[in-house]
$ cat final-v2.txt   # compact mmCIF, C-alpha atoms
# COMPACT_ATOMS: atom_id res chain seq x y z
CA MET A 1 -42.10 27.38 52.75
CA LYS A 2 -40.37 27.80 56.13
CA LYS A 3 -36.91 26.34 56.11
CA THR A 4 -36.09 23.85 58.90
CA LYS A 5 -33.04 24.36 61.11
CA PHE A 6 -32.15 20.64 61.02
CA THR A 7 -29.97 19.17 58.33
CA GLU A 8 -30.84 16.07 56.34
CA ALA A 9 -28.35 13.99 58.32
CA GLN A 10 -29.91 15.06 61.66
CA ILE A 11 -33.42 14.18 60.54
CA VAL A 12 -32.34 10.73 59.28
CA PHE A 13 -30.38 10.12 62.52
CA ALA A 14 -33.47 10.92 64.63
CA LEU A 15 -35.69 8.58 62.64
CA ARG A 16 -33.15 5.72 62.85
CA GLN A 17 -32.76 6.13 66.62
CA ALA A 18 -36.46 5.48 67.05
CA ASP A 19 -36.14 2.40 64.86
CA THR A 20 -33.37 0.99 67.08
CA GLY A 21 -35.61 0.99 70.20
CA VAL A 22 -35.23 4.49 71.64
CA THR A 23 -38.57 5.91 72.67
CA VAL A 24 -40.11 8.71 70.62
CA ALA A 25 -40.30 10.94 73.70
CA GLU A 26 -36.56 10.53 74.32
CA VAL A 27 -35.72 11.29 70.67
CA CYS A 28 -37.91 14.40 70.75
CA ARG A 29 -36.29 15.57 74.00
CA LYS A 30 -32.79 15.20 72.57
CA MET A 31 -33.69 16.94 69.28
CA GLY A 32 -35.73 19.65 70.97
CA ILE A 33 -38.84 19.08 68.87
CA SER A 34 -42.43 18.05 69.53
CA GLU A 35 -43.81 14.60 68.86
CA ALA A 36 -45.99 16.06 66.08
CA SER A 37 -42.86 17.24 64.26
CA TYR A 38 -41.32 13.81 64.69
CA TYR A 39 -44.33 12.03 63.17
CA ASN A 40 -44.42 14.56 60.32
CA TRP A 41 -40.78 13.70 59.62
CA LYS A 42 -41.52 10.01 59.72
CA LYS A 43 -44.52 10.38 57.38
CA LYS A 44 -42.58 12.49 54.93
CA TYR A 45 -39.05 11.12 55.08
CA GLY A 46 -39.49 7.59 56.43
CA GLY A 47 -37.30 5.04 54.68
CA LEU A 48 -35.09 7.64 52.95
CA GLY A 49 -31.34 7.96 53.25
CA VAL A 50 -29.37 11.20 53.49
CA PRO A 51 -28.78 11.58 49.69
CA GLU A 52 -32.43 10.89 48.90
CA LEU A 53 -33.59 13.30 51.56
CA ARG A 54 -31.22 16.02 50.31
CA ARG A 55 -32.46 15.51 46.73
CA LEU A 56 -36.08 15.63 47.90
CA LYS A 57 -35.55 18.97 49.63
CA GLN A 58 -33.81 20.33 46.55
CA LEU A 59 -36.76 19.32 44.38
CA GLU A 60 -39.16 20.95 46.83
CA GLU A 61 -37.22 24.22 46.66
CA GLU A 62 -37.15 24.12 42.84
CA ASN A 63 -40.87 23.40 42.76
CA LEU A 64 -41.54 26.36 45.04
CA HIS A 65 -39.42 28.60 42.83
CA LEU A 66 -41.25 27.46 39.70
CA LYS A 67 -44.61 28.08 41.32
CA GLN A 68 -43.48 31.59 42.19
CA LEU A 69 -42.38 32.18 38.58
CA VAL A 70 -45.69 30.92 37.23
CA ALA A 71 -47.56 33.18 39.65
CA ASP A 72 -45.45 36.18 38.59
CA LEU A 73 -45.93 35.44 34.89
CA SER A 74 -49.67 34.97 35.37
CA LEU A 75 -49.84 38.32 37.15
CA ASP A 76 -47.78 39.99 34.41
CA LYS A 77 -50.12 38.54 31.79
CA GLN A 78 -53.16 39.79 33.66
CA MET A 79 -51.63 43.25 34.02
CA LEU A 80 -50.73 43.38 30.31
CA GLN A 81 -54.27 42.40 29.35
CA ASP A 82 -55.50 45.19 31.59
CA VAL A 83 -53.31 47.96 30.16
CA LEU A 84 -53.36 46.80 26.52
CA LYS A 85 -57.03 47.62 26.08
CA LYS A 86 -55.80 50.88 24.54
CA LYS A 87 -52.59 50.96 22.50
CA PHE A 88 -49.91 53.26 23.91
CA LEU A 89 -46.82 54.38 22.01
CA ARG A 90 -45.55 57.60 23.57
CA PRO A 91 -43.58 57.63 26.83
CA VAL A 92 -46.22 59.70 28.60
CA GLN A 93 -48.83 57.04 27.78
CA ARG A 94 -46.53 54.34 29.12
CA ARG A 95 -46.01 56.33 32.32
CA HIS A 96 -49.78 56.54 32.82
CA ALA A 97 -50.07 52.78 32.25
CA ALA A 98 -47.29 52.05 34.77
CA GLN A 99 -48.94 54.29 37.36
CA HIS A 100 -52.23 52.46 36.82
CA LEU A 101 -50.54 49.10 37.48
CA ILE A 102 -48.93 50.42 40.66
CA ASP A 103 -52.27 51.69 41.98
CA ALA A 104 -54.35 48.67 40.92
CA TYR A 105 -52.01 45.76 41.69
CA ARG A 106 -49.79 47.25 44.43
CA ILE A 107 -46.58 46.35 42.66
CA SER A 108 -43.26 48.16 42.62
CA ALA A 109 -42.36 50.82 40.07
CA ARG A 110 -39.54 48.62 38.76
CA ARG A 111 -41.94 45.78 37.96
CA ALA A 112 -44.52 48.12 36.42
CA CYS A 113 -41.86 49.61 34.13
CA ARG A 114 -40.75 46.14 33.09
CA VAL A 115 -44.32 45.11 32.21
CA VAL A 116 -45.03 48.16 30.01
CA VAL A 117 -41.44 48.21 28.60
CA LEU A 118 -40.59 51.64 30.00
CA GLN A 119 -37.12 52.81 30.96
CA ARG A 120 -36.71 53.75 34.61
CA SER A 121 -35.19 57.07 33.55
CA SER A 122 -38.33 57.81 31.54
CA TRP A 123 -40.47 56.95 34.55
CA SER A 124 -38.62 59.45 36.70
CA TYR A 125 -38.43 62.15 34.00
CA LYS A 126 -40.24 65.42 34.68
CA ALA A 127 -40.96 67.59 31.64
CA HIS A 128 -39.85 71.23 31.72
CA ARG A 129 -41.45 72.72 28.63
CA ARG A 130 -41.08 76.35 27.70
CA ASP A 131 -43.94 78.74 27.08
CA ASP A 132 -45.13 78.35 23.47
CA THR A 133 -47.95 80.87 23.68
CA ALA A 134 -46.44 83.35 21.21
CA LEU A 135 -45.54 80.67 18.68
CA ARG A 136 -48.97 79.06 18.89
CA GLN A 137 -50.65 82.43 18.44
CA ARG A 138 -48.59 83.19 15.33
CA LEU A 139 -49.24 79.69 13.97
CA ARG A 140 -52.99 80.23 14.35
CA GLU A 141 -52.77 83.60 12.60
CA LEU A 142 -50.90 82.16 9.62
CA ALA A 143 -53.27 79.20 9.36
CA HIS A 144 -56.24 81.57 9.45
CA VAL A 145 -54.84 83.59 6.53
CA ARG A 146 -53.44 80.61 4.56
CA ILE A 147 -56.34 78.25 5.08
CA ARG A 148 -55.05 75.58 2.67
CA TYR A 149 -51.46 75.63 3.88
CA GLY A 150 -50.29 72.52 5.67
CA CYS A 151 -47.78 72.20 8.48
CA GLN A 152 -44.72 72.18 6.20
CA ARG A 153 -45.65 75.39 4.42
CA LEU A 154 -46.54 77.12 7.68
CA PHE A 155 -43.16 76.08 9.03
CA THR A 156 -41.49 77.68 6.00
CA LEU A 157 -43.39 80.92 6.63
CA LEU A 158 -42.32 80.92 10.26
CA ARG A 159 -38.69 80.46 9.25
CA ARG A 160 -38.99 83.43 6.91
CA GLU A 161 -40.18 85.54 9.83
CA GLY A 162 -37.18 84.52 11.93
CA TRP A 163 -38.62 81.81 14.22
CA ALA A 164 -35.84 79.36 15.10
CA ASP A 165 -38.08 76.48 16.21
CA ASN A 166 -37.54 73.22 14.36
CA HIS A 167 -40.16 71.38 12.33
CA LYS A 168 -40.91 68.87 15.09
CA ARG A 169 -41.98 71.53 17.59
CA VAL A 170 -44.04 73.31 14.93
CA HIS A 171 -45.75 70.05 13.96
CA ARG A 172 -46.54 69.25 17.61
CA LEU A 173 -48.10 72.66 18.18
CA TYR A 174 -49.84 72.41 14.82
CA CYS A 175 -51.54 69.21 15.94
CA LEU A 176 -52.34 70.55 19.42
CA GLU A 177 -54.07 73.55 17.86
CA GLY A 178 -56.21 71.25 15.70
CA LEU A 179 -55.10 72.83 12.44
CA ASN A 180 -54.86 69.56 10.50
CA LEU A 181 -56.37 69.66 7.02
CA ARG A 182 -58.66 66.67 7.47
CA SER A 183 -61.64 67.59 5.31
CA LYS A 184 -61.47 66.83 1.60
CA ARG A 185 -63.49 69.23 -0.48
CA PRO A 186 -64.96 68.27 -3.85
CA LYS A 187 -62.47 68.36 -6.69
CA ARG A 188 -64.15 71.24 -8.50
CA SER A 189 -64.36 73.40 -5.39
CA ARG A 190 -60.78 72.60 -4.40
CA ALA A 191 -59.51 73.52 -7.87
CA ALA A 192 -61.48 76.74 -7.99
CA ALA A 193 -60.09 77.79 -4.62
CA HIS A 194 -56.54 77.76 -6.02
CA ARG A 195 -57.21 79.73 -9.19
CA LEU A 196 -56.17 83.39 -9.22
CA GLU A 197 -57.86 86.12 -11.20
CA ARG A 198 -56.23 86.60 -14.61
CA VAL A 199 -55.52 90.23 -15.48
CA ALA A 200 -55.27 91.67 -19.02
CA LEU A 201 -51.71 91.73 -20.39
CA GLN A 202 -50.43 95.16 -21.38
CA ARG A 203 -46.64 94.88 -21.64
CA PRO A 204 -43.81 92.34 -21.89
CA HIS A 205 -42.57 90.57 -18.77
CA GLN A 206 -45.86 91.13 -17.00
CA SER A 207 -46.64 87.42 -16.94
CA TRP A 208 -44.61 84.35 -17.89
CA SER A 209 -45.53 80.70 -18.28
CA MET A 210 -43.42 77.63 -17.55
CA ASP A 211 -43.84 73.94 -18.20
CA PHE A 212 -41.89 70.74 -18.88
CA VAL A 213 -41.77 68.71 -22.08
CA ALA A 214 -40.47 65.14 -22.11
CA ASP A 215 -38.65 63.42 -24.98
CA GLN A 216 -35.82 60.92 -25.51
CA LEU A 217 -32.50 60.49 -27.29
CA PHE A 218 -31.89 58.02 -30.10
CA ASP A 219 -30.88 55.30 -27.61
CA GLY A 220 -34.00 55.69 -25.46
CA ARG A 221 -32.55 57.81 -22.67
CA LYS A 222 -35.11 60.25 -21.33
CA ILE A 223 -34.62 64.02 -21.51
CA ARG A 224 -36.73 66.90 -20.26
CA ALA A 225 -36.99 70.48 -21.46
CA LEU A 226 -38.05 73.42 -19.29
CA THR A 227 -39.86 75.93 -21.52
CA ILE A 228 -40.41 79.54 -20.47
CA VAL A 229 -42.62 81.88 -22.52
CA ASP A 230 -43.62 85.54 -22.13
CA ASN A 231 -47.43 85.58 -22.35
CA PHE A 232 -47.67 89.08 -23.85
CA SER A 233 -45.20 88.74 -26.73
CA ARG A 234 -45.23 84.91 -26.99
CA GLN A 235 -41.44 85.12 -26.93
CA CYS A 236 -39.66 81.97 -25.80
CA LEU A 237 -37.23 83.24 -23.18
CA ALA A 238 -35.44 79.95 -22.54
CA ILE A 239 -35.54 76.21 -23.15
CA HIS A 240 -33.36 74.39 -20.64
CA VAL A 241 -32.67 70.76 -21.59
CA GLY A 242 -31.49 68.13 -19.11
CA GLN A 243 -32.03 64.56 -17.99
CA SER A 244 -33.05 65.16 -14.38
CA LEU A 245 -34.46 68.61 -13.65
CA LYS A 246 -35.54 69.62 -10.16
CA GLY A 247 -36.75 72.74 -8.43
CA GLU A 248 -33.18 73.96 -7.95
CA ASP A 249 -32.62 73.76 -11.73
CA VAL A 250 -35.72 75.88 -12.32
CA VAL A 251 -34.39 78.49 -9.88
CA ALA A 252 -31.01 78.50 -11.64
CA VAL A 253 -32.67 79.15 -15.02
CA MET A 254 -34.80 81.95 -13.56
CA THR A 255 -31.73 83.53 -11.97
CA ARG A 256 -29.88 83.40 -15.29
CA LEU A 257 -32.82 85.05 -17.09
CA ARG A 258 -32.93 87.80 -14.47
CA GLN A 259 -29.26 88.52 -15.06
CA GLN A 260 -29.68 88.52 -18.85
CA LEU A 261 -32.90 90.54 -19.09
CA GLY A 262 -32.56 92.65 -15.96
CA VAL A 263 -36.22 92.08 -15.03
CA VAL A 264 -38.44 89.51 -13.40
CA PRO A 265 -42.14 89.03 -14.15
CA GLU A 266 -44.93 90.04 -11.85
CA ARG A 267 -46.54 86.63 -12.21
CA ILE A 268 -45.57 83.17 -13.47
CA GLN A 269 -48.23 80.69 -14.55
CA VAL A 270 -47.29 77.08 -13.82
CA ASP A 271 -48.99 73.76 -13.25
CA ASN A 272 -48.84 71.70 -10.06
CA GLY A 273 -45.70 69.71 -10.89
CA SER A 274 -43.30 68.81 -8.12
CA GLU A 275 -40.63 71.15 -9.51
CA PHE A 276 -42.98 74.16 -9.41
CA ILE A 277 -44.33 73.54 -5.90
CA SER A 278 -40.84 73.00 -4.48
CA LYS A 279 -39.48 75.04 -1.60
CA ALA A 280 -36.60 76.33 -3.74
CA LEU A 281 -38.87 77.98 -6.31
CA ASP A 282 -41.23 79.22 -3.61
CA ARG A 283 -38.31 80.86 -1.82
CA TRP A 284 -37.04 82.47 -5.04
CA ALA A 285 -40.51 83.83 -5.86
CA TYR A 286 -40.83 85.22 -2.33
CA ASP A 287 -37.45 86.97 -2.53
CA GLN A 288 -38.17 88.40 -5.99
CA HIS A 289 -41.77 89.39 -5.15
CA VAL A 290 -43.11 87.17 -7.95
CA THR A 291 -46.56 85.58 -7.74
CA LEU A 292 -46.78 81.90 -8.67
CA ASP A 293 -50.16 81.31 -10.37
CA PHE A 294 -50.96 77.60 -10.29
CA SER A 295 -53.40 76.15 -12.80
CA ARG A 296 -56.29 74.00 -11.67
CA PRO A 297 -55.59 70.25 -11.53
CA GLY A 298 -56.73 68.60 -14.75
CA LYS A 299 -57.25 71.96 -16.48
CA PRO A 300 -54.36 72.56 -18.93
CA THR A 301 -56.39 75.37 -20.55
CA ASP A 302 -55.64 77.52 -17.49
CA ASN A 303 -52.11 77.80 -18.86
CA ALA A 304 -53.00 77.97 -22.52
CA TYR A 305 -50.00 80.00 -23.68
CA ILE A 306 -47.39 77.46 -22.65
CA GLU A 307 -49.55 74.51 -23.77
CA SER A 308 -49.85 76.06 -27.25
CA PHE A 309 -46.11 76.68 -27.35
CA ASN A 310 -45.36 73.11 -26.25
CA GLY A 311 -47.53 71.81 -29.07
CA SER A 312 -45.58 73.83 -31.62
CA PHE A 313 -42.31 72.87 -29.98
CA ARG A 314 -43.05 69.17 -30.23
CA ASP A 315 -44.51 69.33 -33.73
CA GLU A 316 -41.82 71.53 -35.28
CA CYS A 317 -38.71 70.48 -33.34
CA LEU A 318 -38.91 67.34 -31.21
CA ASN A 319 -40.76 65.24 -33.79
CA VAL A 320 -38.52 66.44 -36.63
CA HIS A 321 -35.02 66.03 -35.19
CA TRP A 322 -33.08 62.94 -34.15
CA PHE A 323 -31.04 63.71 -31.03
CA LEU A 324 -27.76 61.82 -30.80
CA SER A 325 -26.70 63.18 -27.41
CA LEU A 326 -27.72 65.67 -24.77
CA SER A 327 -25.42 68.35 -26.19
CA ASP A 328 -26.80 67.70 -29.68
CA ALA A 329 -30.33 68.13 -28.35
CA GLN A 330 -29.40 71.37 -26.61
CA GLU A 331 -27.84 72.77 -29.78
CA LYS A 332 -30.76 71.88 -32.08
CA ILE A 333 -33.39 73.06 -29.60
CA GLU A 334 -31.61 76.38 -29.06
CA HIS A 335 -31.41 76.91 -32.81
CA TRP A 336 -35.15 76.27 -33.13
CA ARG A 337 -35.86 78.70 -30.24
CA GLN A 338 -34.02 81.53 -31.99
CA GLU A 339 -35.86 80.76 -35.22
CA TYR A 340 -39.18 80.72 -33.37
CA ASN A 341 -38.52 84.14 -31.82
CA GLY A 342 -37.02 85.93 -34.82
CA PHE A 343 -38.36 84.28 -37.97
CA ARG A 344 -41.50 82.26 -37.46
CA PRO A 345 -44.70 84.35 -37.82
CA HIS A 346 -47.24 84.00 -35.06
CA SER A 347 -50.92 83.92 -36.00
CA SER A 348 -52.11 85.46 -32.72
CA LEU A 349 -49.65 88.35 -33.20
CA GLN A 350 -51.03 89.27 -36.64
CA ASN A 351 -48.29 87.22 -38.26
CA LEU A 352 -45.55 89.14 -36.50
CA THR A 353 -42.64 87.46 -34.79
CA PRO A 354 -42.27 87.63 -31.00
CA ASP A 355 -39.08 89.70 -31.37
CA GLU A 356 -40.97 92.29 -33.47
CA VAL A 357 -43.68 92.53 -30.84
CA VAL A 358 -41.10 93.08 -28.10
CA ALA A 359 -39.35 95.75 -30.17
CA ALA A 360 -42.65 97.55 -30.83
CA ALA A 361 -43.62 97.43 -27.15
CA THR A 362 -40.21 98.78 -26.15
CA THR A 363 -40.58 101.68 -28.61
CA VAL A 364 -43.99 102.55 -27.17
CA GLU A 365 -42.64 102.50 -23.63
CA LEU A 366 -39.78 104.81 -24.59
CA GLN A 367 -42.17 107.23 -26.28
CA ASN A 368 -44.49 107.28 -23.28
CA ALA A 369 -41.55 107.82 -20.95
$ encode --input "final-v2.txt" --output "structure tokens"
Amino acid sequence: MKKTKFTEAQIVFALRQADTGVTVAEVCRKMGISEASYYNWKKKYGGLGVPELRRLKQLEEENLHLKQLVADLSLDKQMLQDVLKKKFLRPVQRRHAAQHLIDAYRISARRACRVVVLQRSSWSYKAHRRDDTALRQRLRELAHVRIRYGCQRLFTLLRREGWADNHKRVHRLYCLEGLNLRSKRPKRSRAAAHRLERVALQRPHQSWSMDFVADQLFDGRKIRALTIVDNFSRQCLAIHVGQSLKGEDVVAVMTRLRQQLGVVPERIQVDNGSEFISKALDRWAYDQHVTLDFSRPGKPTDNAYIESFNGSFRDECLNVHWFLSLSDAQEKIEHWRQEYNGFRPHSSLQNLTPDEVVAAATTVELQNA
């Protein structure tokens, strides 16, 4: 609304002059207005004093301001309904939505950013991305060779090769290349795809087996035992007992065995437990050139050697002894392990002990050498 140049007191004075007998034409000449303006004043403000007239103008200004706010909010609502047809989360999507509002509704960039909740700095940002052609090419090559490897494992392989890119960049390129493992194959086919060919055992330390056995102390506290067996001689190489064993603990036990025996196996048969699929054990196996042979899910017979040993271990040791503490359990279990290797006859070894089989195999190797 156009604001008048006359104050409230001047308008009331003009109206009262006409009431006292001065002609309308004379009042209009003195005020410098037309007769139409005078009659509009009289129709609108007739009978009002200066305070009432001032209050009326104030209410008119507030009403105009409220109407403008309602119009702005209605427009914002309409614009939001327009851009919210598709959900946008990333800044680039919000920039596209803001540009659409500017083109469609002819509003300022500031208002468009406020509607889509976008920072002005993000609106003005121009991306300067580097060339990722080489990294994307290598990522495709690894994914083509390791068809069942996800983004995390491919990232680990890239780090081994010396790529310094972080996991977020690798994941972004992984998604852009469309390498996501979306399809779920049948359980039997998926299990068969992970099974490696089993070769005939000819000497000690050619293939080991590992697994975990759970038990508890006398007071109910849980303990776990990592069992490691040589598949050729059936010799129990180690039983590590603890309350919370992780992949790093498995690596520590394997490192200790390497220092004691001076050898590492060509292959280790394990199940799909979280400790055996950890990055720590995968890194150790890669550095030592050891193949991790995972059994099929739901098929414990794929790792029959360690499952048979665990049955004997539970039947002859865990179910017989009463463990008072963790150290007591370690002592009793270690004693049973030595007895198992050096005294207990093994039916599959023609009633020989595992230590006798190892000694015989060592003698044959020395003779052949």
$ residues_around --input "final-v2.txt" --residues "Gln99 (chain A)" --least-positions-apart "4" --cutoff "8 Å" --atoms "only C-alpha atoms" --output "PyMOL selection string"
chain A and resi 95+103+109+112
$ atom_distance --input "final-v2.txt" --atom1 "CA of Ile223 (chain A)" --atom2 "CA of Arg314 (chain A)"
13.2 Å
$ closest_residue --input "final-v2.txt" --among "A:Leu59, A:Val253, A:Ile107, A:Val116" --to "Gln81 (chain A)" --atoms "all atoms listed in the file"
A:Val116
$ atom_distance --input "final-v2.txt" --atom1 "CA of Phe232 (chain A)" --atom2 "CA of Leu201 (chain A)"
5.9 Å
$ closest_residue --input "final-v2.txt" --among "A:Ala25, A:Leu139, A:Pro91, A:Gln152" --to "Trp123 (chain A)" --atoms "only C-alpha atoms"
A:Pro91
$ atom_distance --input "final-v2.txt" --atom1 "CA of His205 (chain A)" --atom2 "CA of Gly262 (chain A)"
10.6 Å
$ closest_residue --input "final-v2.txt" --among "A:Pro300, A:Pro345, A:Pro204, A:Gly178" --to "Ala143 (chain A)" --atoms "only C-alpha atoms"
A:Gly178
$ residues_around --input "final-v2.txt" --residues "Met210 (chain A)" --least-positions-apart "3" --cutoff "9 Å" --atoms "only C-alpha atoms" --output "list in words"
Leu226, Thr227, Ile228, Val229, Ile268, Gln269, Val270, Asp271, Phe276, Asn303 and Ile306 of chain A
$ write_last_selection --input "final-v2.txt" --atoms "C-alpha atoms" --output "JSON list (two decimals), keeping the file's coordinate frame"
[["chain", "number", "residue", "atom", "x", "y", "z"],
["A", 226, "LEU", "CA", -38.05, 73.42, -19.29],
["A", 227, "THR", "CA", -39.86, 75.93, -21.52],
["A", 228, "ILE", "CA", -40.41, 79.54, -20.47],
["A", 229, "VAL", "CA", -42.62, 81.88, -22.52],
["A", 268, "ILE", "CA", -45.57, 83.17, -13.47],
["A", 269, "GLN", "CA", -48.23, 80.69, -14.55],
["A", 270, "VAL", "CA", -47.29, 77.08, -13.82],
["A", 271, "ASP", "CA", -48.99, 73.76, -13.25],
["A", 276, "PHE", "CA", -42.98, 74.16, -9.41],
["A", 303, "ASN", "CA", -52.11, 77.80, -18.86],
["A", 306, "ILE", "CA", -47.39, 77.46, -22.65]]
$ residues_around --input "final-v2.txt" --residues "Phe309 (chain A)" --least-positions-apart "3" --cutoff "12 Å" --atoms "all atoms listed in the file" --output "PyMOL selection string"
chain A and resi 209-213+226-231+234-237+239+303-306+312-317+337+340-341+346+348
$ closest_residue --input "final-v2.txt" --among "A:Ala238, A:Ala280, A:Leu158, A:Asn272" --to "Arg256 (chain A)" --atoms "only C-alpha atoms"
A:Ala238
$ residues_around --input "final-v2.txt" --residues "Glu266 (chain A)" --least-positions-apart "6" --cutoff "7 Å" --atoms "all atoms listed in the file" --output "PyMOL selection string"
chain A and resi 206-207+290-291
$ closest_residue --input "final-v2.txt" --among "A:Ser325, A:Val70, A:Ser122, A:Thr7" --to "Arg221 (chain A)" --atoms "only C-alpha atoms"
A:Ser325
$ closest_residue --input "final-v2.txt" --among "A:Ala9, A:Cys28, A:Val241, A:Ala36" --to "Asp215 (chain A)" --atoms "all atoms listed in the file"
A:Val241
$ residues_around --input "final-v2.txt" --residues "Asp165 (chain A)" --least-positions-apart "4" --cutoff "9 Å" --atoms "only C-alpha atoms" --output "list in words"
Leu135, Phe155, Leu158, Arg159, Arg169 and Val170 of chain A
$ residues_near_point --input "final-v2.txt" --point "(-36.6, 59.2, -15.1)" --cutoff "8 Å" --atoms "all atoms listed in the file" --output "ChimeraX atom specification"
/A:222,243-244
$ axis_aligned_box --input "final-v2.txt" --around "region 288-300 of chain A" --padding-each-side "6 Å" --output "JSON"
{"center_x": -47.7, "center_y": 79.0, "center_z": -12.0, "size_x": 31.1, "size_y": 32.8, "size_z": 25.8}
